[in-house]
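Chemist: Next comes entry_7.txt, compact mmCIF, C-alpha atoms and all ligand atoms:
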# COMPACT_ATOMS: atom_id res chain seq x y z
CA MET A 1034 73.31 52.54 12.19
CA GLN A 1035 70.06 52.71 10.24
CA HIS A 1036 70.95 54.65 7.11
CA LEU A 1037 73.21 53.66 4.23
CA TYR A 1038 74.38 55.61 1.18
CA ILE A 1039 76.17 54.01 -1.77
CA HIS A 1040 77.88 56.19 -4.37
CA ILE A 1041 78.14 55.26 -8.06
CA PRO A 1042 80.54 57.79 -9.58
CA PHE A 1043 80.00 57.08 -13.28
CA CYS A 1044 78.20 59.22 -15.87
CA GLU A 1045 77.74 59.05 -19.63
CA SER A 1046 78.63 62.72 -20.03
CA LYS A 1047 79.25 65.74 -17.86
CA CYS A 1048 76.43 68.23 -17.33
CA ASN A 1049 77.39 71.90 -17.47
CA TYR A 1050 76.36 72.75 -13.90
CA CYS A 1051 77.42 69.62 -12.03
CA ALA A 1052 80.37 69.37 -9.65
CA PHE A 1053 79.68 65.84 -8.41
CA THR A 1054 82.28 63.15 -9.12
CA SER A 1055 81.35 61.72 -12.51
CA LEU A 1056 83.75 59.48 -14.39
CA SER A 1057 83.58 57.25 -17.44
CA LYS A 1058 82.67 53.70 -16.43
CA LYS A 1059 85.87 52.14 -17.73
CA TYR A 1060 86.77 50.68 -14.34
CA GLU A 1061 83.32 49.67 -13.16
CA LYS A 1062 84.29 46.05 -12.49
CA GLU A 1063 87.21 47.06 -10.25
CA TYR A 1064 85.04 49.71 -8.64
CA PHE A 1065 82.28 47.30 -7.64
CA LYS A 1066 84.84 44.88 -6.25
CA ALA A 1067 86.25 47.66 -4.09
CA LEU A 1068 82.75 48.78 -3.10
CA MET A 1069 81.96 45.28 -1.84
CA LYS A 1070 85.10 45.31 0.31
CA ASP A 1071 84.13 48.73 1.66
CA LEU A 1072 80.59 47.60 2.54
CA LYS A 1073 81.63 44.29 4.09
CA PHE A 1074 84.35 45.89 6.20
CA TYR A 1075 82.15 48.61 7.68
CA PHE A 1076 79.15 46.38 8.27
CA ARG A 1077 81.40 44.15 10.38
CA PHE A 1078 83.30 47.05 11.98
CA LEU A 1079 80.11 48.83 13.03
CA ASN A 1080 78.48 45.57 14.02
CA ILE A 1081 75.40 46.38 11.95
CA LYS A 1082 72.55 44.11 12.96
CA LYS A 1083 70.17 42.14 10.74
CA GLN A 1084 67.07 44.06 9.59
CA SER A 1085 68.46 47.31 11.00
CA ILE A 1086 68.91 49.40 7.82
CA LYS A 1087 65.81 51.56 7.39
CA THR A 1088 66.91 53.57 4.36
CA LEU A 1089 69.31 52.86 1.52
CA PHE A 1090 70.10 55.46 -1.13
CA ILE A 1091 72.07 54.58 -4.25
CA GLY A 1092 73.21 57.91 -5.68
CA GLY A 1093 75.60 59.26 -8.21
CA GLY A 1094 76.80 59.93 -10.66
CA THR A 1095 74.40 57.84 -12.60
CA PRO A 1096 73.50 54.48 -11.03
CA SER A 1097 71.45 53.58 -14.13
CA ILE A 1098 74.42 53.47 -16.53
CA VAL A 1099 75.79 50.49 -14.63
CA ASP A 1100 74.43 47.09 -15.66
CA ALA A 1101 71.94 45.74 -13.15
CA LYS A 1102 74.11 42.63 -12.74
CA PHE A 1103 76.67 44.71 -10.82
CA TYR A 1104 74.11 45.40 -8.11
CA GLU A 1105 73.28 41.73 -7.65
CA GLU A 1106 76.20 40.96 -5.33
CA ILE A 1107 75.57 44.13 -3.33
CA PHE A 1108 71.95 43.24 -2.68
CA LYS A 1109 72.84 39.63 -1.95
CA PHE A 1110 75.12 40.87 0.81
CA LEU A 1111 72.79 43.61 2.07
CA ASN A 1112 69.58 41.60 2.01
CA CYS A 1113 69.61 40.36 5.60
CA PHE A 1114 70.54 43.82 6.95
CA LEU A 1115 67.70 45.64 5.18
CA ASN A 1116 64.58 46.11 7.26
CA ASP A 1117 61.40 44.71 5.70
CA LYS A 1118 60.11 48.27 5.42
CA CYS A 1119 63.41 49.70 4.15
CA GLU A 1120 63.06 52.64 1.76
CA ILE A 1121 65.44 51.74 -1.08
CA THR A 1122 66.06 54.57 -3.53
CA SER A 1123 68.12 54.58 -6.68
CA GLU A 1124 68.90 57.64 -8.74
CA ALA A 1125 68.52 57.16 -12.48
CA ASN A 1126 68.92 59.22 -15.63
CA PRO A 1127 66.01 59.20 -18.08
CA ASN A 1128 68.01 57.95 -21.06
CA SER A 1129 69.78 55.05 -19.36
CA SER A 1130 67.07 53.59 -17.15
CA ASN A 1131 65.64 51.12 -19.67
CA GLU A 1132 62.92 48.60 -18.89
CA PHE A 1133 65.36 45.77 -18.22
CA TRP A 1134 67.40 47.82 -15.74
CA LEU A 1135 64.28 49.01 -13.95
CA LYS A 1136 62.86 45.48 -13.74
CA GLU A 1137 66.10 44.07 -12.32
CA MET A 1138 66.44 46.85 -9.76
CA LYS A 1139 62.85 46.26 -8.68
CA ASN A 1140 63.60 42.57 -8.21
CA PHE A 1141 66.58 43.49 -6.03
CA GLY A 1142 64.21 45.48 -3.81
CA VAL A 1143 64.51 49.08 -5.04
CA ASN A 1144 61.17 50.70 -4.17
CA ARG A 1145 61.88 54.38 -4.85
CA LEU A 1146 63.28 55.94 -8.02
CA SER A 1147 64.72 59.39 -8.43
CA PHE A 1148 64.91 60.50 -12.07
CA GLY A 1149 67.10 63.45 -13.02
CA ALA A 1150 64.78 65.24 -15.43
CA GLN A 1151 66.07 68.79 -14.77
CA SER A 1152 63.66 70.30 -17.32
CA PHE A 1153 60.98 69.42 -19.87
CA ASN A 1154 62.17 72.13 -22.24
CA GLU A 1155 64.53 71.01 -25.03
CA LYS A 1156 66.37 74.35 -25.14
CA LYS A 1157 66.91 74.37 -21.37
CA LEU A 1158 68.05 70.73 -21.42
CA LYS A 1159 70.68 71.63 -24.03
CA PHE A 1160 71.74 74.70 -22.06
CA LEU A 1161 72.22 72.51 -18.96
CA GLY A 1162 74.26 70.05 -21.03
CA ARG A 1163 71.86 67.13 -20.58
CA ASN A 1164 72.17 64.27 -23.03
CA HIS A 1165 68.46 63.42 -23.16
CA GLY A 1166 65.32 65.06 -24.41
CA GLN A 1167 61.81 65.46 -23.07
CA LYS A 1168 60.63 62.15 -24.57
CA SER A 1169 63.04 60.06 -22.48
CA ILE A 1170 61.68 61.68 -19.32
CA TYR A 1171 58.14 60.59 -20.19
CA ASP A 1172 59.29 57.14 -21.33
CA SER A 1173 61.25 56.43 -18.18
CA ILE A 1174 58.47 57.55 -15.84
CA ASN A 1175 55.82 55.60 -17.76
CA ASN A 1176 58.01 52.47 -17.84
CA ALA A 1177 58.79 52.70 -14.14
CA PHE A 1178 55.14 53.24 -13.23
CA LYS A 1179 53.99 50.33 -15.40
CA LEU A 1180 56.58 48.10 -13.76
CA GLY A 1181 55.04 48.88 -10.39
CA PHE A 1182 57.25 51.67 -9.00
CA LYS A 1183 54.82 53.74 -6.96
CA ASN A 1184 57.32 56.05 -5.30
CA ILE A 1185 58.93 58.12 -8.06
CA ASN A 1186 60.76 61.42 -7.73
CA LEU A 1187 61.74 63.90 -10.42
CA ASP A 1188 64.68 66.31 -10.06
CA LEU A 1189 64.29 69.69 -11.68
CA ILE A 1190 66.58 72.71 -11.86
CA TYR A 1191 65.30 76.30 -11.90
CA ASP A 1192 66.41 79.92 -11.50
CA THR A 1193 68.69 79.56 -14.54
CA LYS A 1194 68.97 82.48 -16.94
CA LEU A 1195 66.34 80.78 -19.14
CA ASP A 1196 63.73 80.61 -16.39
CA ASP A 1197 61.20 83.34 -16.96
CA LYS A 1198 57.52 82.97 -16.09
CA LYS A 1199 56.76 81.34 -19.45
CA MET A 1200 59.46 78.69 -18.94
CA LEU A 1201 58.31 77.94 -15.40
CA ASN A 1202 54.70 77.64 -16.56
CA TYR A 1203 55.92 75.21 -19.22
CA GLU A 1204 57.62 73.07 -16.56
CA ILE A 1205 54.50 73.18 -14.41
CA SER A 1206 52.21 72.17 -17.29
CA HIS A 1207 54.33 69.04 -17.83
CA LEU A 1208 54.44 68.26 -14.13
CA LYS A 1209 50.67 68.54 -14.16
CA SER A 1210 50.38 65.95 -16.91
CA ILE A 1211 52.38 63.36 -14.93
CA LYS A 1212 51.45 64.30 -11.39
CA ASN A 1213 49.52 61.07 -10.87
CA LEU A 1214 52.58 58.98 -11.76
CA ILE A 1215 55.02 60.64 -9.37
CA LYS A 1216 55.00 61.11 -5.60
CA HIS A 1217 57.78 63.62 -5.17
CA ILE A 1218 59.52 66.56 -6.82
CA SER A 1219 62.97 67.92 -6.01
CA ALA A 1220 63.26 71.41 -7.47
CA TYR A 1221 66.80 72.69 -7.14
CA ASN A 1222 67.69 76.33 -7.38
CA ILE A 1223 70.76 76.22 -9.63
CA SER A 1224 74.07 76.86 -7.95
CA ILE A 1225 77.09 77.91 -10.00
CA GLU A 1226 79.91 75.56 -9.02
CA LYS A 1227 83.67 75.74 -9.43
CA ASN A 1228 85.25 73.31 -11.91
CA THR A 1229 82.13 73.06 -14.05
CA ALA A 1230 81.35 74.49 -17.50
CA PHE A 1231 79.22 77.12 -15.71
CA ALA A 1232 82.02 78.21 -13.36
CA ASN A 1233 82.49 82.00 -13.28
CA LYS A 1234 79.27 82.46 -15.26
CA GLU A 1235 77.39 83.90 -12.32
CA HIS A 1236 74.86 85.50 -14.70
CA PHE A 1237 73.63 81.99 -15.66
CA LYS A 1238 71.81 82.07 -12.32
CA LYS A 1239 68.99 84.59 -12.16
CA ASN A 1240 68.56 84.99 -8.39
CA ALA A 1241 64.96 86.01 -9.10
CA TYR A 1242 63.27 85.76 -5.71
CA LEU A 1243 59.72 86.38 -6.97
CA LEU A 1244 60.06 83.76 -9.72
CA MET A 1245 61.45 81.26 -7.19
CA LYS A 1246 58.44 81.88 -5.00
CA TYR A 1247 56.13 81.58 -7.99
CA PHE A 1248 57.62 78.20 -8.99
CA ILE A 1249 57.50 76.85 -5.45
CA ASN A 1250 53.87 77.94 -5.03
CA SER A 1251 52.92 76.42 -8.39
CA ILE A 1252 54.43 73.07 -7.36
CA LYS A 1253 52.53 73.25 -4.07
CA GLU A 1254 49.31 74.01 -5.97
CA LEU A 1255 49.76 70.75 -7.88
CA GLY A 1256 49.33 69.01 -4.52
CA PHE A 1257 52.99 68.41 -3.60
CA LYS A 1258 53.49 69.65 -0.04
CA GLN A 1259 56.80 71.42 0.54
CA TYR A 1260 58.79 69.87 3.39
CA GLU A 1261 62.24 71.24 2.61
CA ILE A 1262 63.60 74.15 0.61
CA SER A 1263 63.93 71.96 -2.53
CA ASN A 1264 61.65 69.01 -1.76
CA PHE A 1265 57.94 68.44 -2.21
CA GLY A 1266 55.54 65.53 -1.77
CA LYS A 1267 55.96 62.19 -0.01
CA ILE A 1268 58.89 62.65 2.39
CA CYS A 1269 62.11 60.87 1.42
CA LYS A 1270 63.01 59.11 4.67
CA HIS A 1271 66.69 58.93 3.77
CA ASN A 1272 67.09 62.66 3.27
CA LEU A 1273 64.98 63.36 6.36
CA ALA A 1274 67.50 61.34 8.37
CA TYR A 1275 70.32 63.63 7.13
CA TRP A 1276 68.40 66.74 8.11
CA GLN A 1277 67.58 65.30 11.52
CA GLY A 1278 71.30 64.88 12.14
CA LYS A 1279 71.09 61.07 12.31
CA GLU A 1280 74.18 58.89 11.81
CA TYR A 1281 74.72 57.24 8.45
CA LEU A 1282 77.26 55.05 6.72
CA ALA A 1283 78.37 56.05 3.22
CA CYS A 1284 80.39 53.76 0.97
CA GLY A 1285 81.97 54.44 -2.40
CA LEU A 1286 84.25 57.01 -3.96
CA SER A 1287 83.99 60.58 -2.56
CA SER A 1288 81.38 59.56 -0.03
CA VAL A 1289 80.96 61.02 3.43
CA SER A 1290 79.70 59.19 6.52
CA PHE A 1291 78.55 60.72 9.80
CA TYR A 1292 79.13 58.80 13.02
CA LYS A 1293 79.70 59.81 16.64
CA LYS A 1294 79.92 63.53 15.81
CA GLN A 1295 82.56 62.91 13.14
CA ARG A 1296 82.62 62.91 9.37
CA PHE A 1297 84.48 60.18 7.52
CA TYR A 1298 85.70 60.80 3.97
CA THR A 1299 86.72 58.07 1.50
CA HIS A 1300 89.46 58.60 -1.08
CA LYS A 1301 88.65 61.12 -3.78
CA THR A 1302 90.38 59.53 -6.78
CA LEU A 1303 89.19 56.30 -8.37
CA LYS A 1304 92.67 54.80 -8.34
CA GLU A 1305 93.16 55.42 -4.62
CA TYR A 1306 89.67 54.21 -3.76
CA ILE A 1307 90.11 50.97 -5.69
CA GLN A 1308 93.46 50.41 -3.97
CA ASN A 1309 92.13 51.09 -0.50
CA PRO A 1310 88.33 51.28 -0.26
CA ILE A 1311 88.21 51.11 3.53
CA PHE A 1312 90.36 54.21 4.01
CA ARG A 1313 88.61 57.11 5.76
CA SER A 1314 89.97 60.49 6.73
CA VAL A 1315 88.28 61.87 9.84
CA GLU A 1316 86.92 65.30 10.63
CA LYS A 1317 85.83 65.87 14.22
CA LEU A 1318 82.92 68.28 14.44
CA ASP A 1319 83.01 70.65 17.39
CA ASP A 1320 79.86 71.79 19.19
CA LYS A 1321 79.83 75.06 17.26
CA SER A 1322 79.69 73.33 13.85
CA LEU A 1323 77.06 70.87 15.07
CA ASN A 1324 74.97 73.79 16.34
CA LEU A 1325 75.33 75.60 13.00
CA GLU A 1326 74.32 72.50 11.12
CA HIS A 1327 71.28 72.06 13.34
CA LEU A 1328 70.25 75.66 12.63
CA PHE A 1329 70.75 75.49 8.85
CA LEU A 1330 69.13 72.07 8.36
CA GLY A 1331 66.29 72.75 10.78
CA LEU A 1332 65.39 76.04 9.13
CA ARG A 1333 65.48 74.56 5.62
CA SER A 1334 63.02 71.79 6.43
CA VAL A 1335 60.10 70.52 8.48
CA VAL A 1336 62.65 69.30 11.03
CA GLY A 1337 62.72 72.72 12.74
CA ILE A 1338 65.06 73.91 15.50
CA ASN A 1339 64.99 72.15 18.83
CA SER A 1340 64.97 74.83 21.54
CA ASN A 1341 67.05 72.54 23.81
CA LYS A 1342 69.78 72.26 21.20
CA ILE A 1343 70.55 75.97 20.94
CA SER A 1344 72.16 78.49 23.29
CA GLN A 1345 70.21 80.83 25.60
CA GLU A 1346 71.09 83.77 23.34
CA GLN A 1347 69.92 81.91 20.22
CA ARG A 1348 66.69 80.95 22.00
CA GLU A 1349 66.00 84.60 22.82
CA LYS A 1350 66.63 85.59 19.21
CA ALA A 1351 64.39 82.74 17.99
CA PHE A 1352 61.56 83.97 20.28
CA PHE A 1353 62.13 87.47 18.90
CA LEU A 1354 61.74 86.04 15.36
CA SER A 1355 58.58 84.19 16.32
CA ARG A 1356 57.08 87.41 17.73
CA ALA A 1357 57.94 89.02 14.37
CA LYS A 1358 56.14 86.07 12.66
CA LYS A 1359 59.33 84.92 10.92
CA LEU A 1360 59.36 81.67 12.90
CA VAL A 1361 56.58 79.62 14.49
CA TYR A 1362 57.14 78.22 17.98
CA ASN A 1363 55.47 74.92 18.89
CA GLU A 1364 55.19 74.74 22.67
CA ARG A 1365 54.44 71.01 22.81
CA LYS A 1366 57.37 70.03 20.58
CA LYS A 1367 59.61 72.77 22.03
CA LYS A 1368 60.63 73.58 18.48
CA PHE A 1369 60.84 76.59 16.18
CA PHE A 1370 59.62 76.11 12.60
CA ASN A 1371 60.32 78.23 9.55
CA PRO A 1372 57.26 79.08 7.42
CA ASN A 1373 59.35 80.40 4.47
CA TYR A 1374 62.27 78.15 3.55
CA LEU A 1375 63.58 80.71 1.04
CA LEU A 1376 64.62 82.85 4.02
CA SER A 1377 66.32 79.98 5.84
CA ASP A 1378 69.94 81.06 5.25
CA GLU A 1379 69.25 84.63 6.39
CA LEU A 1380 67.47 83.42 9.51
CA ALA A 1381 70.26 80.98 10.32
CA LEU A 1382 72.86 83.74 9.97
CA PHE A 1383 70.87 86.00 12.29
CA LEU A 1384 70.56 83.25 14.91
CA GLN A 1385 74.17 82.17 14.77
CA GLU A 1386 75.71 85.63 15.29
C1 LIG B 1 74.13 64.28 -8.13
S1 LIG B 1 72.86 64.43 -9.23
C2 LIG B 1 72.60 62.76 -9.66
C3 LIG B 1 71.38 62.53 -10.51
C4 LIG B 1 71.57 61.99 -11.90
N1 LIG B 1 72.89 61.73 -12.25
C5 LIG B 1 71.03 62.95 -12.93
O1 LIG B 1 71.73 63.87 -13.30
O2 LIG B 1 69.94 62.75 -13.41
C6 LIG B 1 71.46 64.80 -8.23
C7 LIG B 1 70.76 66.08 -8.60
O3 LIG B 1 71.47 67.20 -8.15
C8 LIG B 1 71.03 68.32 -8.86
N2 LIG B 1 72.19 69.19 -9.11
C9 LIG B 1 73.44 68.81 -9.41
N3 LIG B 1 74.24 69.90 -9.54
C10 LIG B 1 73.47 70.98 -9.30
C11 LIG B 1 73.71 72.40 -9.30
N4 LIG B 1 74.90 72.91 -9.56
N5 LIG B 1 72.67 73.21 -8.99
C12 LIG B 1 71.45 72.70 -8.72
N6 LIG B 1 71.17 71.39 -8.73
C13 LIG B 1 72.16 70.54 -9.02
C14 LIG B 1 70.40 67.82 -10.16
O4 LIG B 1 69.04 68.14 -10.16
C15 LIG B 1 70.61 66.33 -10.07
O5 LIG B 1 69.54 65.60 -10.61
S1 LIG B 2 73.89 65.90 -13.09
FE1 LIG B 2 73.91 63.69 -12.97
S2 LIG B 2 74.38 62.99 -15.08
FE2 LIG B 2 74.94 65.11 -14.97
S3 LIG B 2 77.12 65.05 -14.48
FE3 LIG B 2 76.00 65.30 -12.54
S4 LIG B 2 75.75 63.29 -11.77
FE4 LIG B 2 76.31 63.08 -13.93
Show me the file's structure as structure tokens.

Modeler:
Amino acid sequence: MQHLYIHIPFCESKCNYCAFTSLSKKYEKEYFKALMKDLKFYFRFLNIKKQSIKTLFIGGGTPSIVDAKFYEEIFKFLNCFLNDKCEITSEANPNSSNEFWLKEMKNFGVNRLSFGAQSFNEKKLKFLGRNHGQKSIYDSINNAFKLGFKNINLDLIYDTKLDDKKMLNYEISHLKSIKNLIKHISAYNISIEKNTAFANKEHFKKNAYLLMKYFINSIKELGFKQYEISNFGKICKHNLAYWQGKEYLACGLSSVSFYKKQRFYTHKTLKEYIQNPIFRSVEKLDDKSLNLEHLFLGLRSVVGINSNKISQEQREKAFFLSRAKKLVYNERKKKFFNPNYLLSDELALFLQE
């Protein structure tokens, strides 16, 4: 096992679009105690070797609203398992990642930060239900950079009903002004999720294909190479491992691990998780679902589709698509690559039928 995910389910407030587990941090002490049990149990159970973890991702929720001291015990335990070159990412919100928190996390070994900016526009930030303004985005990036973080990502959301060409140009002009401080951009096409303030408001998403393409091309023109439908710049090794179908251990509330062709789900309520953090429900993935996943993930990213991992019929269809210039076949790698990630779902559906 080389990849570890840790989930921090607490947030200061709930954003209008977000369906991730986000709770008030009333029970953080109990949560971290349970999290330690979870980690210790599975490291022993899976016989994880020293120095073997190559990527660690602390995601949320909002990892930065939890005092740095809570991470101390986690890193003390993990230290010997983390490879010297381990990519250690923490997500952080602009308004809670103060200098002290950033400094402490850096001392623990965090070497990649992912800030949820979402937008530089005050009106769009309000519309999305964010509890920070543009200034906090600049402050947090500048602070992190000054403290020596050289691998910084920014999350943005686009294709909302407010995203016309003027808005997207506004986002791009701000990205341009900080492009030397960041290494990566995640630009997410908004999805309207159930059980959020945006649920049933399908018109809040524009579905404007040409504007999507325009935004993606503008990000690329800033020098951030696209390597996945939503990701640009220096490849995040942790996410790459997901897309390559590698095994990973995930600890924490509502987290999902992948091991020996099975998914393992932790409890979904805080109370249950705190009572029994090592509980996992199991979902066995059959060959058909693994094949589908390989198609969808491969077509959305630089990973591509391995011609040995698909059926004869799918291979024939993939060659048909490469003759039609919708896919590119690399003979040496025996892989099909998708030159336009925006078409990935359509292509995957065509191949799977
Ligand atoms: C799980 S969140 C955690 C990050 C952090 N809490 C924050 O909000 O800054 C990771 C990212 O997912 C993206 N995201 C969450 N819900 C989304 C949605 N419905 N549509 C598109 N992107 C979404 C946001 O860009 C967010 O920064
Ligand atoms: S987007 Fe981030 S801050 Fe907002 S509710 Fe979701 S996890 Fe919490």

Chemist: Would you pick out the contacts of stretch 1169-1171 of chain A at 7 Å or less, using only C-alpha atoms, so that residues sharing its chain but fewer than 3 positions from it are not included, and give the list as a ChimeraX atom specification?

Modeler: /A:1127-1128,1150,1165-1166,1174-1175

Chemist: Within 8 Å of ligand LIG 2 (chain B), counting all atoms listed in the file: which residues, as a list of chain:residue names?

Modeler: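 Sorted by chain and then by number, the residues are A:Pro1042, A:Phe1043, A:Cys1044, A:Glu1045, A:Ser1046, A:Lys1047, A:Cys1048, A:Asn1049, A:Tyr1050, A:Cys1051, A:Ala1052, A:Phe1053, A:Thr1054, A:Ser1055, A:Gly1093, A:Gly1094, A:Thr1095, A:Asn1126, A:Gly1149, A:Gly1162, A:Arg1163.
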
Chemist: Write out as a list in words which residues come within 7 Å of A:Leu1332 when counting all atoms listed in the file, dropping same-chain ones fewer than 6 positions away.

Modeler: Ile1338, Phe1370, Asn1371, Tyr1374 and Ser1377 of chain A

Chemist: What does the distance between atom CA of A:Leu1303 and atom CA of A:Glu1063 come to in Å, to one decimal place?

Modeler: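 Distance between the two atoms: 9.6 Å.
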
Chemist: When you draw a straight line from atom CA of A:Ser1210 to atom CA of A:Gln1259, how long is it in Å?

Modeler: 19.4 Å

Chemist: Determine the axis-aligned bounding box of all atoms of ligand LIG 1 (chain B) present in the file, pad each side by 3 Å, and express its centre and edge lengths in Å to one decimal place as JSON.

Modeler:
{"center_x": 72.0, "center_y": 67.5, "center_z": -10.8, "size_x": 11.9, "size_y": 17.5, "size_z": 11.3}

Chemist: Go through A:Ala1283, A:Leu1056, A:Leu1255, A:Leu1244 one by one, measure the shortest atom-to-atom distance of each to ligand LIG 1 (chain B) using only C-alpha atoms and all ligand atoms, and give the residue with the smallest value.

Modeler: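 Selected residue with least distance to ligand LIG 1 (chain B): A:Leu1056.
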
Chemist: Pick out the residues sitting within 7 Å of stretch 1138-1148 of chain A, and hand them over as a PDB file with C-alpha atoms, in the coordinates of the input; count all atoms listed in the file, and ignore anything fewer than 2 positions along from it in its own chain.

Modeler:
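Full text of out_39.pdb as output:
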ATOM      1  CA  ALA A1101      71.940  45.740 -13.150  1.00  0.00           C
ATOM      2  CA  PHE A1108      71.950  43.240  -2.680  1.00  0.00           C
ATOM      3  CA  GLU A1120      63.060  52.640   1.760  1.00  0.00           C
ATOM      4  CA  ILE A1121      65.440  51.740  -1.080  1.00  0.00           C
ATOM      5  CA  THR A1122      66.060  54.570  -3.530  1.00  0.00           C
ATOM      6  CA  SER A1123      68.120  54.580  -6.680  1.00  0.00           C
ATOM      7  CA  GLU A1124      68.900  57.640  -8.740  1.00  0.00           C
ATOM      8  CA  ALA A1125      68.520  57.160 -12.480  1.00  0.00           C
ATOM      9  CA  ASN A1126      68.920  59.220 -15.630  1.00  0.00           C
ATOM     10  CA  PRO A1127      66.010  59.200 -18.080  1.00  0.00           C
ATOM     11  CA  TRP A1134      67.400  47.820 -15.740  1.00  0.00           C
ATOM     12  CA  LEU A1135      64.280  49.010 -13.950  1.00  0.00           C
ATOM     13  CA  LYS A1136      62.860  45.480 -13.740  1.00  0.00           C
ATOM     14  CA  ALA A1150      64.780  65.240 -15.430  1.00  0.00           C
ATOM     15  CA  PHE A1182      57.250  51.670  -9.000  1.00  0.00           C
ATOM     16  CA  ASN A1184      57.320  56.050  -5.300  1.00  0.00           C
ATOM     17  CA  ILE A1185      58.930  58.120  -8.060  1.00  0.00           C
ATOM     18  CA  ASN A1186      60.760  61.420  -7.730  1.00  0.00           C
ATOM     19  CA  LEU A1187      61.740  63.900 -10.420  1.00  0.00           C
ATOM     20  CA  ASP A1188      64.680  66.310 -10.060  1.00  0.00           C
TER      21      ASP A1188
END

Chemist: What is the distance between atom CA of A:Phe1065 and atom CA of A:Ser1097, in Å to one decimal?

Modeler: 14.1 Å

Chemist: Using all atoms listed in the file, which residue out of A:Ile1311, A:Ile1190, A:Ala1230, A:Leu1375 lies closest to ligand LIG 1 (chain B)?

Modeler: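 Residue with the minimum atom-to-atom distance to ligand LIG 1 (chain B): A:Ile1190.
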
Chemist: Could you check the closest approach to ligand LIG 1 (chain B) for each of A:Ala1381, A:Leu1158, A:Met1200, A:Leu1328 and tell me which residue wins, using only C-alpha atoms and all ligand atoms?

Modeler: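 When distances to ligand LIG 1 (chain B) are compared using only C-alpha atoms and all ligand atoms, the smallest one comes from A:Leu1158.
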
Chemist: Model the absent atoms of stretch 1266-1270 of chain A so that all heavy atoms are present, and write the result as a PDB file, keeping the file's coordinate frame.

Modeler:
ATOM      1  N   GLY A1266      56.273  66.782  -1.597  1.00  0.00           N
ATOM      2  CA  GLY A1266      55.540  65.530  -1.770  1.00  0.00           C
ATOM      3  C   GLY A1266      55.815  64.545  -0.650  1.00  0.00           C
ATOM      4  O   GLY A1266      56.065  64.931   0.497  1.00  0.00           O
ATOM      5  N   LYS A1267      55.796  63.249  -1.011  1.00  0.00           N
ATOM      6  CA  LYS A1267      55.960  62.190  -0.010  1.00  0.00           C
ATOM      7  C   LYS A1267      57.407  62.221   0.516  1.00  0.00           C
ATOM      8  O   LYS A1267      58.362  62.043  -0.260  1.00  0.00           O
ATOM      9  CB  LYS A1267      55.674  60.839  -0.675  1.00  0.00           C
ATOM     10  CG  LYS A1267      55.729  59.638   0.242  1.00  0.00           C
ATOM     11  CD  LYS A1267      55.386  58.387  -0.589  1.00  0.00           C
ATOM     12  CE  LYS A1267      55.848  57.123   0.056  1.00  0.00           C
ATOM     13  NZ  LYS A1267      55.056  56.623   1.146  1.00  0.00           N
ATOM     14  N   ILE A1268      57.553  62.424   1.803  1.00  0.00           N
ATOM     15  CA  ILE A1268      58.890  62.650   2.390  1.00  0.00           C
ATOM     16  C   ILE A1268      59.840  61.503   2.074  1.00  0.00           C
ATOM     17  O   ILE A1268      59.488  60.335   2.197  1.00  0.00           O
ATOM     18  CB  ILE A1268      58.762  62.845   3.920  1.00  0.00           C
ATOM     19  CG1 ILE A1268      58.066  64.183   4.205  1.00  0.00           C
ATOM     20  CG2 ILE A1268      60.135  62.802   4.599  1.00  0.00           C
ATOM     21  CD1 ILE A1268      57.938  64.535   5.673  1.00  0.00           C
ATOM     22  N   CYS A1269      61.060  61.865   1.642  1.00  0.00           N
ATOM     23  CA  CYS A1269      62.110  60.870   1.420  1.00  0.00           C
ATOM     24  C   CYS A1269      62.750  60.621   2.797  1.00  0.00           C
ATOM     25  O   CYS A1269      63.378  61.512   3.380  1.00  0.00           O
ATOM     26  CB  CYS A1269      63.148  61.422   0.439  1.00  0.00           C
ATOM     27  SG  CYS A1269      64.628  60.401   0.353  1.00  0.00           S
ATOM     28  N   LYS A1270      62.564  59.395   3.305  1.00  0.00           N
ATOM     29  CA  LYS A1270      63.010  59.110   4.670  1.00  0.00           C
ATOM     30  C   LYS A1270      64.524  59.222   4.804  1.00  0.00           C
ATOM     31  O   LYS A1270      65.048  59.572   5.853  1.00  0.00           O
ATOM     32  CB  LYS A1270      62.568  57.696   5.084  1.00  0.00           C
ATOM     33  CG  LYS A1270      61.080  57.552   5.206  1.00  0.00           C
ATOM     34  CD  LYS A1270      60.754  56.127   5.617  1.00  0.00           C
ATOM     35  CE  LYS A1270      59.265  55.856   5.487  1.00  0.00           C
ATOM     36  NZ  LYS A1270      58.976  54.425   5.525  1.00  0.00           N
TER      37      LYS A1270
END
